[in-house]
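**Q** Just one file: final.cif, with mmCIF, C-alpha atoms, pLDDT in the B column; chains and numbers go by the auth columns.
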data_query
loop_
_atom_site.group_PDB
_atom_site.id
_atom_site.type_symbol
_atom_site.label_atom_id
_atom_site.label_comp_id
_atom_site.label_asym_id
_atom_site.label_seq_id
_atom_site.Cartn_x
_atom_site.Cartn_y
_atom_site.Cartn_z
_atom_site.B_iso_or_equiv
_atom_site.auth_seq_id
_atom_site.auth_asym_id
ATOM 1 C CA MET A 1 18.107 -0.870 -8.685 89.00 140 A
ATOM 2 C CA ILE A 2 18.544 2.807 -9.489 95.00 141 A
ATOM 3 C CA GLN A 3 22.098 3.812 -8.633 97.00 142 A
ATOM 4 C CA GLU A 4 21.930 7.458 -9.674 98.00 143 A
ATOM 5 C CA VAL A 5 19.377 10.160 -10.423 98.00 144 A
ATOM 6 C CA THR A 6 20.514 13.148 -12.451 97.00 145 A
ATOM 7 C CA LEU A 7 18.687 16.383 -13.134 97.00 146 A
ATOM 8 C CA GLU A 8 20.158 18.420 -15.964 97.00 147 A
ATOM 9 C CA ASN A 9 18.947 22.023 -16.289 97.00 148 A
ATOM 10 C CA ILE A 10 15.394 21.238 -15.216 97.00 149 A
ATOM 11 C CA THR A 11 13.060 24.191 -15.699 98.00 150 A
ATOM 12 C CA LYS A 12 9.335 24.211 -15.004 97.00 151 A
ATOM 13 C CA GLN A 13 7.003 26.931 -16.162 96.00 152 A
ATOM 14 C CA ILE A 14 3.316 27.223 -15.337 95.00 153 A
ATOM 15 C CA GLY A 15 1.777 29.837 -17.557 95.00 154 A
ATOM 16 C CA LYS A 16 4.069 32.835 -17.359 94.00 155 A
ATOM 17 C CA THR A 17 5.479 31.821 -13.978 95.00 156 A
ATOM 18 C CA THR A 18 8.809 30.003 -13.772 96.00 157 A
ATOM 19 C CA VAL A 19 8.609 27.661 -10.769 96.00 158 A
ATOM 20 C CA LEU A 20 11.988 25.919 -11.254 97.00 159 A
ATOM 21 C CA THR A 21 14.989 27.383 -13.061 97.00 160 A
ATOM 22 C CA ASP A 22 17.900 25.330 -14.440 97.00 161 A
ATOM 23 C CA ILE A 23 17.978 22.817 -11.585 96.00 162 A
ATOM 24 C CA CYS A 24 21.070 20.591 -11.702 95.00 163 A
ATOM 25 C CA LEU A 25 21.345 17.803 -9.157 95.00 164 A
ATOM 26 C CA THR A 26 22.932 14.365 -8.874 96.00 165 A
ATOM 27 C CA MET A 27 21.881 11.884 -6.191 97.00 166 A
ATOM 28 C CA LYS A 28 23.431 8.469 -5.625 97.00 167 A
ATOM 29 C CA CYS A 29 22.207 5.296 -3.928 97.00 168 A
ATOM 30 C CA GLY A 30 22.706 5.214 -0.183 97.00 169 A
ATOM 31 C CA GLN A 31 22.601 8.999 0.099 96.00 170 A
ATOM 32 C CA ILE A 32 20.169 11.205 1.947 97.00 171 A
ATOM 33 C CA CYS A 33 20.071 14.585 0.246 96.00 172 A
ATOM 34 C CA GLY A 34 18.285 17.539 1.795 96.00 173 A
ATOM 35 C CA ILE A 35 16.425 20.489 0.337 95.00 174 A
ATOM 36 C CA THR A 36 15.569 23.583 2.342 93.00 175 A
ATOM 37 C CA GLY A 37 13.691 26.702 1.358 90.00 176 A
ATOM 38 C CA GLU A 38 10.688 28.788 2.261 87.00 177 A
ATOM 39 C CA ASN A 39 7.157 27.792 1.358 86.00 178 A
ATOM 40 C CA GLY A 40 6.591 28.396 -2.335 87.00 179 A
ATOM 41 C CA SER A 41 10.293 28.178 -3.166 91.00 180 A
ATOM 42 C CA GLY A 42 9.851 25.140 -5.431 93.00 181 A
ATOM 43 C CA LYS A 43 10.685 22.192 -3.159 93.00 182 A
ATOM 44 C CA THR A 44 7.435 20.315 -3.680 93.00 183 A
ATOM 45 C CA MET A 45 7.390 21.017 -7.416 95.00 184 A
ATOM 46 C CA LEU A 46 10.883 19.566 -7.717 96.00 185 A
ATOM 47 C CA MET A 47 9.722 16.365 -6.026 96.00 186 A
ATOM 48 C CA ARG A 48 6.695 16.171 -8.299 96.00 187 A
ATOM 49 C CA VAL A 49 8.976 16.423 -11.333 97.00 188 A
ATOM 50 C CA ILE A 50 11.309 13.676 -10.073 97.00 189 A
ATOM 51 C CA ALA A 51 8.322 11.451 -9.252 97.00 190 A
ATOM 52 C CA GLY A 52 6.890 11.900 -12.730 96.00 191 A
ATOM 53 C CA LEU A 53 3.733 13.603 -11.505 95.00 192 A
ATOM 54 C CA VAL A 54 4.674 16.734 -13.448 96.00 193 A
ATOM 55 C CA SER A 55 6.701 17.019 -16.664 96.00 194 A
ATOM 56 C CA PRO A 56 9.514 19.589 -16.803 97.00 195 A
ATOM 57 C CA SER A 57 9.249 22.325 -19.395 97.00 196 A
ATOM 58 C CA THR A 58 12.898 21.871 -20.376 97.00 197 A
ATOM 59 C CA GLY A 59 15.885 19.833 -19.202 97.00 198 A
ATOM 60 C CA LYS A 60 16.624 16.161 -18.661 97.00 199 A
ATOM 61 C CA LEU A 61 15.725 13.797 -15.821 98.00 200 A
ATOM 62 C CA LEU A 62 17.820 10.628 -15.943 98.00 201 A
ATOM 63 C CA PHE A 63 17.802 7.411 -13.923 98.00 202 A
ATOM 64 C CA ASN A 64 21.055 5.472 -14.320 98.00 203 A
ATOM 65 C CA GLY A 65 21.627 7.645 -17.375 97.00 204 A
ATOM 66 C CA LYS A 66 18.324 6.603 -18.966 97.00 205 A
ATOM 67 C CA ASN A 67 15.003 8.364 -19.404 95.00 206 A
ATOM 68 C CA ARG A 68 12.070 7.364 -17.225 93.00 207 A
ATOM 69 C CA ALA A 69 10.446 5.049 -19.778 91.00 208 A
ATOM 70 C CA ASP A 70 13.615 3.002 -20.243 95.00 209 A
ATOM 71 C CA ALA A 71 14.709 2.985 -16.593 96.00 210 A
ATOM 72 C CA ASN A 72 11.227 2.337 -15.107 94.00 211 A
ATOM 73 C CA PRO A 73 12.256 3.609 -11.654 96.00 212 A
ATOM 74 C CA ASN A 74 10.517 2.416 -8.506 97.00 213 A
ATOM 75 C CA ILE A 75 9.739 5.678 -6.690 98.00 214 A
ATOM 76 C CA GLY A 76 8.063 6.218 -3.340 98.00 215 A
ATOM 77 C CA ILE A 77 6.787 9.698 -2.542 97.00 216 A
ATOM 78 C CA MET A 78 5.268 11.481 0.420 97.00 217 A
ATOM 79 C CA ILE A 79 4.011 14.959 -0.448 92.00 218 A
ATOM 80 C CA GLU A 80 2.933 17.501 2.160 84.00 219 A
ATOM 81 C CA ASN A 81 -0.833 17.867 2.572 82.00 220 A
ATOM 82 C CA ALA A 82 -1.586 14.800 0.438 86.00 221 A
ATOM 83 C CA SER A 83 -4.512 12.654 1.531 91.00 222 A
ATOM 84 C CA LEU A 84 -6.060 9.212 1.135 96.00 223 A
ATOM 85 C CA TYR A 85 -9.612 7.888 0.945 97.00 224 A
ATOM 86 C CA PRO A 86 -11.306 9.126 4.146 97.00 225 A
ATOM 87 C CA GLU A 87 -13.754 6.231 4.540 98.00 226 A
ATOM 88 C CA LEU A 88 -11.159 3.457 4.209 98.00 227 A
ATOM 89 C CA SER A 89 -8.896 2.152 6.959 98.00 228 A
ATOM 90 C CA GLY A 90 -5.151 2.618 6.738 98.00 229 A
ATOM 91 C CA ARG A 91 -4.580 -0.933 5.548 98.00 230 A
ATOM 92 C CA GLU A 92 -7.412 -0.696 3.003 98.00 231 A
ATOM 93 C CA ASN A 93 -5.949 2.505 1.590 98.00 232 A
ATOM 94 C CA LEU A 94 -2.495 0.986 1.201 98.00 233 A
ATOM 95 C CA ARG A 95 -3.841 -2.212 -0.352 98.00 234 A
ATOM 96 C CA LEU A 96 -5.749 -0.123 -2.876 98.00 235 A
ATOM 97 C CA LEU A 97 -2.606 1.835 -3.771 97.00 236 A
ATOM 98 C CA ALA A 98 -0.534 -1.344 -3.929 97.00 237 A
ATOM 99 C CA SER A 99 -2.974 -2.840 -6.453 97.00 238 A
ATOM 100 C CA ILE A 100 -1.846 -0.274 -9.036 95.00 239 A
ATOM 101 C CA ARG A 101 1.719 -1.551 -9.466 94.00 240 A
ATOM 102 C CA LYS A 102 1.313 -4.945 -7.777 95.00 241 A
ATOM 103 C CA GLN A 103 4.768 -4.776 -6.234 94.00 242 A
ATOM 104 C CA ALA A 104 3.863 -4.837 -2.527 97.00 243 A
ATOM 105 C CA THR A 105 2.330 -7.943 -0.964 97.00 244 A
ATOM 106 C CA ASN A 106 -0.088 -7.850 1.956 97.00 245 A
ATOM 107 C CA GLU A 107 2.852 -8.770 4.165 98.00 246 A
ATOM 108 C CA ASP A 108 4.878 -5.849 2.777 98.00 247 A
ATOM 109 C CA ILE A 109 1.978 -3.499 3.511 98.00 248 A
ATOM 110 C CA ASP A 110 1.527 -4.701 7.085 98.00 249 A
ATOM 111 C CA ARG A 111 5.271 -4.488 7.669 98.00 250 A
ATOM 112 C CA ALA A 112 5.356 -0.893 6.422 98.00 251 A
ATOM 113 C CA ILE A 113 2.431 0.064 8.653 98.00 252 A
ATOM 114 C CA ARG A 114 4.162 -1.409 11.692 98.00 253 A
ATOM 115 C CA ARG A 115 7.464 0.272 10.803 98.00 254 A
ATOM 116 C CA VAL A 116 5.836 3.691 11.136 98.00 255 A
ATOM 117 C CA GLY A 117 4.324 2.835 14.509 97.00 256 A
ATOM 118 C CA LEU A 118 0.763 2.039 13.453 98.00 257 A
ATOM 119 C CA GLU A 119 -1.243 -1.191 13.698 98.00 258 A
ATOM 120 C CA PRO A 120 -2.442 -2.908 10.507 98.00 259 A
ATOM 121 C CA THR A 121 -5.547 -4.275 12.236 97.00 260 A
ATOM 122 C CA ASP A 122 -6.755 -0.810 13.293 97.00 261 A
ATOM 123 C CA LYS A 123 -10.266 -0.535 11.815 97.00 262 A
ATOM 124 C CA ARG A 124 -10.546 3.241 12.168 97.00 263 A
ATOM 125 C CA THR A 125 -11.037 5.076 8.914 98.00 264 A
ATOM 126 C CA PHE A 126 -8.460 7.534 7.634 98.00 265 A
ATOM 127 C CA ARG A 127 -10.923 10.334 8.422 97.00 266 A
ATOM 128 C CA LYS A 128 -10.618 9.526 12.130 97.00 267 A
ATOM 129 C CA TYR A 129 -6.820 9.522 12.177 97.00 268 A
ATOM 130 C CA SER A 130 -4.991 12.309 13.984 96.00 269 A
ATOM 131 C CA LEU A 131 -2.667 14.492 11.882 94.00 270 A
ATOM 132 C CA GLY A 132 0.326 12.579 13.212 95.00 271 A
ATOM 133 C CA MET A 133 -1.225 9.219 12.319 96.00 272 A
ATOM 134 C CA LYS A 134 -2.007 10.465 8.822 97.00 273 A
ATOM 135 C CA GLN A 135 1.617 11.508 8.389 96.00 274 A
ATOM 136 C CA ARG A 136 2.799 8.097 9.530 97.00 275 A
ATOM 137 C CA LEU A 137 0.460 6.315 7.117 98.00 276 A
ATOM 138 C CA MET A 138 1.606 8.509 4.234 97.00 277 A
ATOM 139 C CA LEU A 139 5.177 7.493 5.060 98.00 278 A
ATOM 140 C CA ALA A 140 4.105 3.834 5.122 98.00 279 A
ATOM 141 C CA GLN A 141 2.661 4.109 1.591 98.00 280 A
ATOM 142 C CA ALA A 142 5.915 5.701 0.417 98.00 281 A
ATOM 143 C CA ILE A 143 8.107 2.845 1.698 98.00 282 A
ATOM 144 C CA MET A 144 5.833 -0.188 1.265 98.00 283 A
ATOM 145 C CA GLU A 145 7.172 -1.072 -2.214 98.00 284 A
ATOM 146 C CA GLN A 146 10.843 -0.782 -1.153 97.00 285 A
ATOM 147 C CA PRO A 147 11.474 2.054 -3.617 98.00 286 A
ATOM 148 C CA ASP A 148 14.775 2.770 -5.326 97.00 287 A
ATOM 149 C CA VAL A 149 14.089 6.489 -4.898 98.00 288 A
ATOM 150 C CA LEU A 150 12.307 7.846 -1.814 98.00 289 A
ATOM 151 C CA LEU A 151 11.008 11.435 -1.920 98.00 290 A
ATOM 152 C CA LEU A 152 9.860 12.850 1.419 98.00 291 A
ATOM 153 C CA ASP A 153 8.263 16.286 1.669 95.00 292 A
ATOM 154 C CA GLU A 154 8.096 17.554 5.287 94.00 293 A
ATOM 155 C CA PRO A 155 7.741 14.017 6.728 95.00 294 A
ATOM 156 C CA THR A 156 7.997 15.102 10.385 94.00 295 A
ATOM 157 C CA ASN A 157 5.162 17.657 10.290 92.00 296 A
ATOM 158 C CA ALA A 158 2.625 17.017 13.087 92.00 297 A
ATOM 159 C CA ILE A 159 4.793 14.181 14.446 94.00 298 A
ATOM 160 C CA ASP A 160 5.749 14.067 18.140 93.00 299 A
ATOM 161 C CA LYS A 161 9.360 13.795 19.304 92.00 300 A
ATOM 162 C CA LYS A 162 9.333 10.013 19.534 94.00 301 A
ATOM 163 C CA GLY A 163 7.773 9.830 16.087 95.00 302 A
ATOM 164 C CA VAL A 164 10.442 12.142 14.659 95.00 303 A
ATOM 165 C CA GLU A 165 13.128 9.764 15.895 96.00 304 A
ATOM 166 C CA LEU A 166 11.283 6.881 14.219 97.00 305 A
ATOM 167 C CA VAL A 167 11.020 8.773 10.919 96.00 306 A
ATOM 168 C CA HIS A 168 14.746 9.532 11.059 97.00 307 A
ATOM 169 C CA GLN A 169 15.470 5.861 11.735 97.00 308 A
ATOM 170 C CA ILE A 170 13.372 4.787 8.751 98.00 309 A
ATOM 171 C CA MET A 171 15.142 7.237 6.440 97.00 310 A
ATOM 172 C CA SER A 172 18.523 5.949 7.577 97.00 311 A
ATOM 173 C CA GLU A 173 17.398 2.349 7.102 98.00 312 A
ATOM 174 C CA GLU A 174 16.133 3.074 3.597 98.00 313 A
ATOM 175 C CA ALA A 175 19.433 4.707 2.650 98.00 314 A
ATOM 176 C CA SER A 176 21.360 1.758 4.134 97.00 315 A
ATOM 177 C CA ARG A 177 19.201 -0.542 2.000 97.00 316 A
ATOM 178 C CA GLY A 178 20.520 1.319 -1.037 97.00 317 A
ATOM 179 C CA ALA A 179 17.695 3.738 -1.732 98.00 318 A
ATOM 180 C CA ILE A 180 18.265 7.299 -2.883 98.00 319 A
ATOM 181 C CA VAL A 181 16.499 9.496 -0.322 98.00 320 A
ATOM 182 C CA LEU A 182 15.557 13.114 -0.963 98.00 321 A
ATOM 183 C CA LEU A 183 14.247 15.012 2.057 97.00 322 A
ATOM 184 C CA ALA A 184 12.575 18.412 1.878 94.00 323 A
ATOM 185 C CA SER A 185 12.142 20.025 5.269 91.00 324 A
ATOM 186 C CA HIS A 186 12.033 23.405 6.960 86.00 325 A
ATOM 187 C CA VAL A 187 13.215 21.730 10.186 85.00 326 A
ATOM 188 C CA ASP A 188 16.935 22.346 10.532 85.00 327 A
ATOM 189 C CA TYR A 189 17.381 19.327 12.821 86.00 328 A
ATOM 190 C CA ASP A 190 15.964 16.990 10.180 89.00 329 A
ATOM 191 C CA ILE A 191 18.330 18.288 7.546 90.00 330 A
ATOM 192 C CA ARG A 192 21.530 18.616 9.590 86.00 331 A
ATOM 193 C CA SER A 193 21.283 15.271 11.382 89.00 332 A
ATOM 194 C CA LEU A 194 20.541 13.165 8.310 93.00 333 A
ATOM 195 C CA CYS A 195 21.764 14.660 5.046 95.00 334 A
ATOM 196 C CA SER A 196 25.125 14.295 3.360 91.00 335 A
ATOM 197 C CA ASN A 197 24.369 17.110 0.929 92.00 336 A
ATOM 198 C CA VAL A 198 22.053 20.042 1.560 94.00 337 A
ATOM 199 C CA PHE A 199 20.627 22.262 -1.175 94.00 338 A
ATOM 200 C CA LEU A 200 18.831 25.572 -0.797 93.00 339 A
ATOM 201 C CA ILE A 201 16.022 26.536 -3.167 94.00 340 A
ATOM 202 C CA GLU A 202 15.110 30.206 -3.439 92.00 341 A
ATOM 203 C CA LYS A 203 12.508 31.342 -5.966 91.00 342 A
ATOM 204 C CA GLY A 204 12.997 28.168 -7.992 93.00 343 A
ATOM 205 C CA LYS A 205 16.793 28.356 -8.110 94.00 344 A
ATOM 206 C CA MET A 206 19.047 25.874 -6.324 93.00 345 A
ATOM 207 C CA GLN A 207 22.455 26.118 -4.761 88.00 346 A
ATOM 208 C CA LEU A 208 24.568 23.756 -2.668 81.00 347 A
ATOM 209 C CA GLU A 209 24.867 24.860 0.928 69.00 348 A
ATOM 210 C CA VAL A 210 28.336 24.780 2.462 46.00 349 A
#
Would you mind writing the file's structure down as structure tokens?
**A**
Amino acid sequence: MIQEVTLENITKQIGKTTVLTDICLTMKCGQICGITGENGSGKTMLMRVIAGLVSPSTGKLLFNGKNRADANPNIGIMIENASLYPELSGRENLRLLASIRKQATNEDIDRAIRRVGLEPTDKRTFRKYSLGMKQRLMLAQAIMEQPDVLLLDEPTNAIDKKGVELVHQIMSEEASRGAIVLLASHVDYDIRSLCSNVFLIEKGKMQLEV
């Protein structure tokens, strides 16, 4: 289990553009940390770096004080505007994703689908899902492997009020389980009601909000 994630002076450059600048952040198990900032401020890029989808240009990313290869962290991620295979059902999509790491059983997948308020036996394809259903399924894929680190980018977008309460409940449950949860949201209610620490990113630079 990952007890701590540490970012030491993480900088990310794309061409001549600096997207993240000297990001320093420590997150511990059982915490929900929040990131706010305008679109294009660097929130999603930061999550991509932590997830290993993008390599930082400089700086260190440590899991329990080790690099990614040695720590082998179990990370779940939900990125805004991500998508799945349109012609597969929700369950088929998650089973396909689960086959990559082989950590989630069919029972784990069905449990995750039900946790987000969907039905595993629903035969509709992802293409026919509403925006809210797609968001819920993306959350299910993020939690199905019981990750040590859970990265959620705008998880309540397109979700109705009852669904928002469910998403908040799931985040709290994951933190209580011992996961490190990082939430990026422009919704003040999401951040203030859930997060122990809140960080503001502006033009790729981060500061702790008081």
**Q** Rounded to one decimal, what separation in Å do you get between atom CA of A:Glu147 and atom CA of A:Leu164?
**A**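 Computing the Euclidean distance for atom CA of A:Glu147 and atom CA of A:Leu164 yields 6.9 Å.
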**Q** Please write as a list in words the full residue list that the PyMOL selection byres ((chain A and resi 292) around 7) yields on this file.
**A**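 Going through the file, the PyMOL selection byres ((chain A and resi 292) around 7) ends up selecting Thr183, Met217, Ile218, Glu219, Leu290, Leu291, Glu293, Pro294, Leu322, Ala323 and Ser324 of chain A.
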**Q** In Å, rounded to a single decimal, give me how far atom CA of A:Met166 is from atom CA of A:Val144.
**A** 5.2 Å
**Q** Between A:Ile239, A:Leu289, A:Met186, A:Val255, which one has atoms that come closest to A:Lys301, using all atoms listed in the file?
**A**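 Closest to A:Lys301 of all the choices is A:Val255.
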**Q** What are the centre and the three edge lengths of an axis-aligned box that wraps all atoms of stretch 252-259 of chain A in the file, given that 3 Å is added to every side, written as JSON and rounded to one decimal in Å?
**A**
{"center_x": 2.5, "center_y": 0.4, "center_z": 11.6, "size_x": 15.9, "size_y": 12.6, "size_z": 11.9}
**Q** Take the PyMOL selection byres ((chain A and resi 224) around 10), apply it to the structure above, and return the hits as a ChimeraX atom specification.
**A** /A:222-223,225-229,231-233,235,264-266
**Q** When distances are computed from all atoms listed in the file, which of A:Ala243, A:Lys205, A:Leu276, A:Glu304 shows the smallest separation from A:Ala221?
**A** A:Leu276
**Q** Which residues fall under the PyMOL selection byres ((chain A and resi 330) around 12) in this file, as an MDAnalysis selection string?
**A** chainID A and resid 171:176 291:295 307 310 320:329 331:339 348
**Q** Compile the contact shell of A:Lys199 as a list of chain:residue names: residues with an atom at most 12 Å away, counting only C-alpha atoms, same-chain residues fewer than 3 positions apart removed.
**A**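 Residues meeting the cut-off are A:Val144, A:Thr145, A:Leu146, A:Glu147, A:Asn148, A:Ile149, A:Thr150, A:Lys151, A:Asp161, A:Ile162, A:Cys163, A:Leu164, A:Thr165, A:Val188, A:Ile189, A:Ser194, A:Pro195, A:Ser196, A:Phe202, A:Gly204, A:Lys205, A:Asn206, A:Arg207.
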**Q** I'd like the interatomic distance between atom CA of A:Gly271 and atom CA of A:Arg234, to a tenth of an Å.
**A**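 So the two atoms, atom CA of A:Gly271 and atom CA of A:Arg234, lie 20.5 Å apart.
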**Q** Restricting the calculation to all atoms listed in the file: of A:Asp287, A:Asp247, A:Glu143, A:Asp299, which residue gets closest to A:Leu270?
**A**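 Closest residue, counting all atoms listed in the file: A:Asp299.
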**Q** Just save stretch 267-277 of chain A with all heavy atoms, as a tab-separated table (two decimals), in the first residue's frame.
**A**
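Just written: selection20.tsv:
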chain	number	residue	atom	x	y	z
A	267	LYS	N	-24.37	5.07	-26.29
A	267	LYS	CA	-25.75	5.44	-25.96
A	267	LYS	C	-25.91	5.95	-24.53
A	267	LYS	O	-27.02	6.29	-24.12
A	267	LYS	CB	-26.66	4.24	-26.21
A	267	LYS	CG	-26.72	3.84	-27.67
A	267	LYS	CD	-27.64	2.65	-27.89
A	267	LYS	CE	-27.69	2.25	-29.37
A	267	LYS	NZ	-28.57	1.08	-29.59
A	268	TYR	N	-24.82	5.99	-23.79
A	268	TYR	CA	-24.89	6.52	-22.42
A	268	TYR	C	-25.10	8.03	-22.44
A	268	TYR	O	-24.58	8.73	-23.33
A	268	TYR	CB	-23.59	6.23	-21.68
A	268	TYR	CG	-23.46	4.85	-21.07
A	268	TYR	CD1	-24.17	3.77	-21.55
A	268	TYR	CD2	-22.61	4.65	-19.99
A	268	TYR	CE1	-24.04	2.51	-20.96
A	268	TYR	CE2	-22.47	3.40	-19.40
A	268	TYR	CZ	-23.18	2.34	-19.90
A	268	TYR	OH	-23.06	1.09	-19.33
A	269	SER	N	-25.81	8.54	-21.46
A	269	SER	CA	-25.88	9.99	-21.26
A	269	SER	C	-24.53	10.47	-20.72
A	269	SER	O	-23.69	9.66	-20.29
A	269	SER	CB	-26.98	10.33	-20.25
A	269	SER	OG	-26.63	9.85	-18.95
A	270	LEU	N	-24.31	11.78	-20.71
A	270	LEU	CA	-23.05	12.32	-20.19
A	270	LEU	C	-22.85	11.93	-18.72
A	270	LEU	O	-21.74	11.58	-18.31
A	270	LEU	CB	-23.03	13.84	-20.33
A	270	LEU	CG	-22.85	14.39	-21.75
A	270	LEU	CD1	-22.94	15.92	-21.73
A	270	LEU	CD2	-21.53	13.94	-22.35
A	271	GLY	N	-23.94	11.97	-17.96
A	271	GLY	CA	-23.83	11.60	-16.55
A	271	GLY	C	-23.47	10.14	-16.36
A	271	GLY	O	-22.68	9.79	-15.48
A	272	MET	N	-24.05	9.26	-17.18
A	272	MET	CA	-23.72	7.84	-17.10
A	272	MET	C	-22.27	7.59	-17.49
A	272	MET	O	-21.59	6.76	-16.88
A	272	MET	CB	-24.65	7.03	-18.01
A	272	MET	CG	-26.10	6.97	-17.55
A	272	MET	SD	-27.18	6.16	-18.77
A	272	MET	CE	-26.56	4.48	-18.70
A	273	LYS	N	-21.79	8.31	-18.50
A	273	LYS	CA	-20.40	8.16	-18.90
A	273	LYS	C	-19.47	8.56	-17.76
A	273	LYS	O	-18.46	7.89	-17.49
A	273	LYS	CB	-20.12	9.00	-20.15
A	273	LYS	CG	-20.76	8.44	-21.40
A	273	LYS	CD	-20.49	9.33	-22.61
A	273	LYS	CE	-21.11	8.74	-23.88
A	273	LYS	NZ	-20.89	9.61	-25.06
A	274	GLN	N	-19.80	9.65	-17.08
A	274	GLN	CA	-19.00	10.09	-15.94
A	274	GLN	C	-18.97	9.02	-14.85
A	274	GLN	O	-17.93	8.73	-14.26
A	274	GLN	CB	-19.55	11.39	-15.36
A	274	GLN	CG	-19.15	12.65	-16.11
A	274	GLN	CD	-17.69	13.00	-15.91
A	274	GLN	OE1	-16.84	12.62	-16.69
A	274	GLN	NE2	-17.40	13.73	-14.85
A	275	ARG	N	-20.12	8.45	-14.58
A	275	ARG	CA	-20.20	7.41	-13.55
A	275	ARG	C	-19.36	6.20	-13.92
A	275	ARG	O	-18.66	5.62	-13.08
A	275	ARG	CB	-21.66	6.99	-13.33
A	275	ARG	CG	-22.52	8.05	-12.62
A	275	ARG	CD	-23.98	7.64	-12.62
A	275	ARG	NE	-24.86	8.65	-12.06
A	275	ARG	CZ	-25.51	8.56	-10.90
A	275	ARG	NH1	-25.35	7.47	-10.17
A	275	ARG	NH2	-26.30	9.52	-10.49
A	276	LEU	N	-19.41	5.80	-15.20
A	276	LEU	CA	-18.63	4.64	-15.62
A	276	LEU	C	-17.14	4.93	-15.57
A	276	LEU	O	-16.34	4.06	-15.19
A	276	LEU	CB	-19.03	4.21	-17.04
A	276	LEU	CG	-18.44	2.87	-17.47
A	276	LEU	CD1	-19.01	1.72	-16.63
A	276	LEU	CD2	-18.69	2.60	-18.95
A	277	MET	N	-16.74	6.15	-15.90
A	277	MET	CA	-15.33	6.51	-15.80
A	277	MET	C	-14.86	6.46	-14.35
A	277	MET	O	-13.72	6.07	-14.07
A	277	MET	CB	-15.09	7.89	-16.40
A	277	MET	CG	-15.36	8.00	-17.90
A	277	MET	SD	-14.44	6.81	-18.91
A	277	MET	CE	-12.75	7.28	-18.55
